Amino acid sequence: MKAAVLQSKGVLTLTDVPAPAPVGDRSVLVRVGGVGVCGSDVLRYGRGKAYHYPLVLGHEFSAVVEEAPEGSRFRPGDRTAVFPLLPDPADPMTQIGEYALSSGYDYYGSRRDGAMAEFLQVPEANLVPVARDVPLVHAAMVEPAAVALHAMLKFRLPAHATALVIGAGPIGALAAQWLRILGAGEVYVADVDERKRAVMAGLGFPVIDASAADTVDAVRELTGGRGVDCAVEASGLPATLIQAITAAAPLGQVMLLGDLSGDLTLPQALVSSVLRRELRLYGTWNSRITPAGRSEWDMVVHHLGRDLKVAPLISHTPSLEEAPAMFADMLERRTWYNKVVFAVADQAQTELIRPGVVGGVA
């Protein structure tokens, strides 16, 4: 089968590789549908952040069942999103459902070969069913949407809460939508990128041009000087984390959603203001697939295509054959992009011609 294989730093090739081996007794063979590109994939590709080489990237993916074990709840042709984490059963965190907080988990696309390939073997427990009318490139967005939801559920939203999301990339855009779905009264989105601001404005969010005005000053003007109840840092920049902390109102909450790109020194006056405002700062990591039937992933699937819009975020849908060129363009920023989702399966490519699958509110 064909796979996009990261051979070494900056070297990605389309290669013939052996068929995937089963993963445990309840392994399901799936045909990969769509695969989203995470920022961590670009770092593994271009910044030497891979655990090992060679490596098949891809942890945000959808699939179509090819073969399932006897007695499976899945049948050939079923569409699924795929939870990419393989938990360590012996870890205490696993035993309470916190798979991502265990120390020995495995992971598609980072610690083991991932989904930028035609086929994959996946444990049945990692499959989350999606409806047949959900486009495969949309189903590939379930993973990042679950990551954003996991973070937003940590907030204790007061009535008529105001919120700020700094960073209108895919995770920030999904976080803003979750805040609205969860009941926030007003959600402001700040970004320096005009096209990303336009996407968010098209989704009905008031936007702040962070390239033309100080984000904190703009927030204070919009909130009568008070600040916001919930501030989300989704850019991964030291400066924007300081902005998020500064923009929070008394008793406010700050979410560290972006993985910082550099070291940060907090000024003493800012730390003092955190104390005096009694702020709460949250860390967040990955998402939860437990409890079965009522997990964050199930919640994403329920809202997908209804009040959770992913089509406007998808800017590129290349084929798997285009992966080497696409990753090079992304690393060097030779092209503007928002969310890149590879349409791997023929079905995924065929669905792209349907109205609203990419770039529209669907």
# chains A, B, ... in the order shown; residues from 1 in each chain; ligands from 1
$ residues_around --residues "A:Val42" --least-positions-apart "2" --cutoff "12 Å" --atoms "only C-alpha atoms" --output "short mmCIF file (atom, residue, chain, number, x, y, z; two decimals) with N, CA and C atoms, in the first residue's frame"
data_model
loop_
_atom_site.label_atom_id
_atom_site.label_comp_id
_atom_site.auth_asym_id
_atom_site.auth_seq_id
_atom_site.Cartn_x
_atom_site.Cartn_y
_atom_site.Cartn_z
N LEU A 6 7.85 9.79 6.55
CA LEU A 6 8.88 10.75 6.96
C LEU A 6 10.18 9.97 7.16
N LYS A 9 14.47 14.30 8.89
CA LYS A 9 14.03 15.69 9.00
C LYS A 9 13.90 16.32 7.61
N GLY A 10 12.68 16.76 7.28
CA GLY A 10 12.44 17.44 6.02
C GLY A 10 12.35 16.55 4.80
N VAL A 11 12.39 15.25 4.98
CA VAL A 11 12.34 14.32 3.84
C VAL A 11 11.11 13.43 3.97
N LEU A 12 10.10 13.73 3.17
CA LEU A 12 8.85 12.97 3.16
C LEU A 12 8.66 12.38 1.77
N GLY A 36 -6.15 15.03 8.78
CA GLY A 36 -5.80 16.41 9.01
C GLY A 36 -4.35 16.58 9.39
N VAL A 37 -3.80 17.74 9.07
CA VAL A 37 -2.43 18.07 9.44
C VAL A 37 -2.47 18.94 10.69
N CYS A 38 -1.86 18.45 11.75
CA CYS A 38 -1.72 19.19 13.01
C CYS A 38 -0.41 19.97 12.97
N GLY A 39 -0.34 21.03 13.76
CA GLY A 39 0.92 21.76 13.86
C GLY A 39 2.07 20.87 14.31
N SER A 40 1.76 19.87 15.13
CA SER A 40 2.81 18.95 15.58
C SER A 40 3.36 18.12 14.42
N ARG A 44 7.26 17.80 13.40
CA ARG A 44 7.94 16.51 13.21
C ARG A 44 8.61 16.47 11.84
N TYR A 45 7.93 17.02 10.86
CA TYR A 45 8.47 17.02 9.51
C TYR A 45 9.69 17.93 9.38
N GLY A 46 9.55 19.16 9.82
CA GLY A 46 10.56 20.15 9.49
C GLY A 46 11.49 20.57 10.60
N ARG A 47 11.18 20.20 11.84
CA ARG A 47 12.00 20.67 12.96
C ARG A 47 12.64 19.52 13.74
N GLY A 48 12.60 18.32 13.20
CA GLY A 48 13.27 17.19 13.84
C GLY A 48 12.61 16.73 15.12
N LYS A 49 11.29 16.90 15.23
CA LYS A 49 10.58 16.56 16.47
C LYS A 49 9.99 15.15 16.47
N ALA A 50 10.35 14.33 15.50
CA ALA A 50 9.83 12.96 15.45
C ALA A 50 10.48 12.09 16.52
N LEU A 57 3.23 9.81 9.38
CA LEU A 57 2.54 10.82 10.18
C LEU A 57 1.02 10.60 10.12
N GLY A 58 0.30 11.41 10.92
CA GLY A 58 -1.15 11.44 10.83
C GLY A 58 -1.86 10.86 12.03
N GLY A 109 0.83 8.14 14.51
CA GLY A 109 1.40 9.31 13.87
C GLY A 109 2.53 9.96 14.62
N SER A 110 2.86 9.46 15.81
CA SER A 110 4.00 10.01 16.54
C SER A 110 4.87 8.90 17.10
N ALA A 323 1.40 14.96 -0.65
CA ALA A 323 1.91 15.22 0.70
C ALA A 323 3.32 15.81 0.72
N PRO A 324 4.29 15.28 -0.04
CA PRO A 324 5.64 15.87 0.03
C PRO A 324 5.66 17.36 -0.31
N MET A 326 3.06 19.45 -0.24
CA MET A 326 2.23 20.21 0.70
C MET A 326 2.98 20.50 1.98
N PHE A 327 3.67 19.52 2.52
CA PHE A 327 4.42 19.74 3.76
C PHE A 327 5.54 20.74 3.55
N ALA A 328 6.22 20.67 2.42
CA ALA A 328 7.28 21.63 2.14
C ALA A 328 6.72 23.05 2.06
N ASP A 329 5.57 23.21 1.41
CA ASP A 329 4.94 24.52 1.31
C ASP A 329 4.52 25.04 2.68
N MET A 330 3.99 24.15 3.53
CA MET A 330 3.55 24.57 4.85
C MET A 330 4.74 24.99 5.71
N LEU A 331 5.81 24.21 5.66
CA LEU A 331 6.98 24.53 6.48
C LEU A 331 7.56 25.88 6.10
N GLU A 332 7.68 26.13 4.82
CA GLU A 332 8.29 27.37 4.34
C GLU A 332 7.27 28.49 4.19
N ARG A 333 6.01 28.20 4.50
CA ARG A 333 4.92 29.17 4.38
C ARG A 333 4.88 29.80 2.98
N VAL A 340 -5.44 21.99 6.72
CA VAL A 340 -5.17 21.09 5.60
C VAL A 340 -5.66 19.70 5.98
#
$ residues_around --residues "stretch 194-211 of chain A" --least-positions-apart "3" --cutoff "8 Å" --atoms "only C-alpha atoms" --output "ChimeraX atom specification"
/A:168-169,173,187-191,214-215,218,312-313,338,361
$ closest_residue --among "A:Ala247, A:Val344, A:Ala239, A:Ala213" --to "A:Thr265" --atoms "only C-alpha atoms"
A:Ala239
$ residues_around --residues "A:Pro92" --least-positions-apart "5" --cutoff "12 Å" --atoms "only C-alpha atoms" --output "VMD selection string"
chain A and resid 87 97 to 105
$ write_last_selection --atoms "N, CA and C atoms" --output "compact mmCIF listing (two decimals), in the first residue's frame"
# COMPACT_ATOMS: atom_id res chain seq x y z
N PRO A 87 -4.02 3.36 24.97
CA PRO A 87 -3.69 3.54 26.39
C PRO A 87 -2.84 2.42 26.94
N GLY A 97 -9.85 6.43 33.39
CA GLY A 97 -10.32 7.00 32.13
C GLY A 97 -9.50 8.15 31.59
N GLU A 98 -8.40 8.50 32.26
CA GLU A 98 -7.55 9.61 31.82
C GLU A 98 -6.39 9.06 31.00
N TYR A 99 -6.71 8.54 29.83
CA TYR A 99 -5.71 7.86 29.02
C TYR A 99 -4.52 8.76 28.68
N ALA A 100 -4.79 10.01 28.34
CA ALA A 100 -3.73 10.91 27.88
C ALA A 100 -2.80 11.36 29.00
N LEU A 101 -3.17 11.09 30.24
CA LEU A 101 -2.32 11.47 31.36
C LEU A 101 -1.47 10.31 31.85
N SER A 102 -1.58 9.16 31.19
CA SER A 102 -0.73 8.03 31.55
C SER A 102 0.66 8.24 30.97
N SER A 103 1.62 7.52 31.50
CA SER A 103 3.01 7.74 31.09
C SER A 103 3.46 6.82 29.97
N GLY A 104 2.70 5.76 29.67
CA GLY A 104 3.17 4.78 28.72
C GLY A 104 2.27 4.55 27.53
N TYR A 105 1.46 5.54 27.16
CA TYR A 105 0.56 5.32 26.04
C TYR A 105 1.31 5.31 24.70
$ select_by_dssp --residues "stretch 148-352 of chain A" --states "alpha helix (DSSP H)" --output "PyMOL selection string"
chain A and resi 148-152+170-181+194-202+215-222+238-247+268-277+296-303+323-332+346-351
$ write_last_selection --atoms "C-alpha atoms" --output "mmCIF file, in the first residue's frame"
data_model
loop_
_atom_site.group_PDB
_atom_site.id
_atom_site.type_symbol
_atom_site.label_atom_id
_atom_site.label_comp_id
_atom_site.auth_asym_id
_atom_site.auth_seq_id
_atom_site.Cartn_x
_atom_site.Cartn_y
_atom_site.Cartn_z
ATOM 1 C CA ALA A 148 -10.779 21.965 21.789
ATOM 2 C CA LEU A 149 -13.889 20.693 23.581
ATOM 3 C CA HIS A 150 -11.805 18.976 26.268
ATOM 4 C CA ALA A 151 -10.260 22.346 27.069
ATOM 5 C CA MET A 152 -13.467 24.379 27.000
ATOM 6 C CA PRO A 170 -8.241 25.590 13.575
ATOM 7 C CA ILE A 171 -8.015 24.868 17.321
ATOM 8 C CA GLY A 172 -8.840 28.445 18.273
ATOM 9 C CA ALA A 173 -11.725 28.515 15.805
ATOM 10 C CA LEU A 174 -13.106 25.281 17.221
ATOM 11 C CA ALA A 175 -12.654 26.532 20.791
ATOM 12 C CA ALA A 176 -14.613 29.695 19.987
ATOM 13 C CA GLN A 177 -17.459 27.638 18.560
ATOM 14 C CA TRP A 178 -17.529 25.378 21.616
ATOM 15 C CA LEU A 179 -17.695 28.381 23.931
ATOM 16 C CA ARG A 180 -20.735 29.592 22.040
ATOM 17 C CA ILE A 181 -22.341 26.132 22.059
ATOM 18 C CA GLU A 194 -6.934 38.898 7.898
ATOM 19 C CA ARG A 195 -8.220 35.765 6.157
ATOM 20 C CA LYS A 196 -8.615 33.844 9.399
ATOM 21 C CA ARG A 197 -10.458 36.788 10.915
ATOM 22 C CA ALA A 198 -12.741 36.757 7.886
ATOM 23 C CA VAL A 199 -13.519 33.077 8.475
ATOM 24 C CA MET A 200 -14.464 33.792 12.072
ATOM 25 C CA ALA A 201 -16.519 36.843 11.136
ATOM 26 C CA GLY A 202 -18.352 34.643 8.643
ATOM 27 C CA THR A 215 -5.683 43.013 21.920
ATOM 28 C CA VAL A 216 -6.009 43.792 25.628
ATOM 29 C CA ASP A 217 -6.959 47.415 24.969
ATOM 30 C CA ALA A 218 -9.551 46.285 22.435
ATOM 31 C CA VAL A 219 -11.041 43.788 24.893
ATOM 32 C CA ARG A 220 -11.258 46.362 27.653
ATOM 33 C CA GLU A 221 -13.022 48.767 25.325
ATOM 34 C CA LEU A 222 -15.498 46.064 24.307
ATOM 35 C CA PRO A 238 4.634 33.818 24.891
ATOM 36 C CA ALA A 239 3.310 37.318 24.166
ATOM 37 C CA THR A 240 -0.242 36.119 23.579
ATOM 38 C CA LEU A 241 -0.271 34.163 26.832
ATOM 39 C CA ILE A 242 0.575 37.378 28.653
ATOM 40 C CA GLN A 243 -2.258 39.063 26.738
ATOM 41 C CA ALA A 244 -4.706 36.342 27.752
ATOM 42 C CA ILE A 245 -3.775 36.656 31.418
ATOM 43 C CA THR A 246 -3.959 40.448 31.270
ATOM 44 C CA ALA A 247 -7.342 40.446 29.506
ATOM 45 C CA GLN A 268 6.221 40.384 38.846
ATOM 46 C CA ALA A 269 3.411 42.902 38.423
ATOM 47 C CA LEU A 270 1.472 40.481 36.233
ATOM 48 C CA VAL A 271 1.853 37.651 38.739
ATOM 49 C CA SER A 272 0.694 39.988 41.483
ATOM 50 C CA SER A 273 -2.359 40.883 39.405
ATOM 51 C CA VAL A 274 -3.153 37.174 38.980
ATOM 52 C CA LEU A 275 -3.273 36.910 42.764
ATOM 53 C CA ARG A 276 -5.292 40.067 43.253
ATOM 54 C CA ARG A 277 -7.811 39.137 40.567
ATOM 55 C CA GLU A 296 -16.151 14.263 24.327
ATOM 56 C CA TRP A 297 -15.830 12.445 21.013
ATOM 57 C CA ASP A 298 -19.495 11.477 21.072
ATOM 58 C CA MET A 299 -20.389 15.085 21.803
ATOM 59 C CA VAL A 300 -18.347 16.270 18.816
ATOM 60 C CA VAL A 301 -20.061 13.795 16.496
ATOM 61 C CA HIS A 302 -23.461 14.951 17.775
ATOM 62 C CA HIS A 303 -22.731 18.623 17.022
ATOM 63 C CA ALA A 323 1.910 15.219 0.700
ATOM 64 C CA PRO A 324 5.639 15.869 0.025
ATOM 65 C CA ALA A 325 4.947 19.153 -1.762
ATOM 66 C CA MET A 326 2.231 20.213 0.698
ATOM 67 C CA PHE A 327 4.415 19.737 3.758
ATOM 68 C CA ALA A 328 7.283 21.634 2.141
ATOM 69 C CA ASP A 329 4.942 24.523 1.314
ATOM 70 C CA MET A 330 3.553 24.570 4.853
ATOM 71 C CA LEU A 331 6.975 24.534 6.481
ATOM 72 C CA GLU A 332 8.286 27.370 4.337
ATOM 73 C CA ASP A 346 -11.299 7.844 -3.396
ATOM 74 C CA GLN A 347 -14.607 8.384 -1.583
ATOM 75 C CA ALA A 348 -13.156 11.375 0.244
ATOM 76 C CA GLN A 349 -11.972 12.929 -3.011
ATOM 77 C CA THR A 350 -15.329 12.344 -4.693
ATOM 78 C CA GLU A 351 -17.159 14.054 -1.824
#
$ atom_distance --atom1 "atom CA of A:Arg288" --atom2 "atom CA of A:Tyr337"
28.0 Å
$ residues_around --residues "A:Ala184" --least-positions-apart "5" --cutoff "9 Å" --atoms "only C-alpha atoms" --output "PyMOL selection string"
chain A and resi 157-163+178-179
$ residues_around --residues "A:Ala4" --least-positions-apart "3" --cutoff "9 Å" --atoms "only C-alpha atoms" --output "ChimeraX atom specification"
/A:12-16,55-57,115-117,320-321,323-324
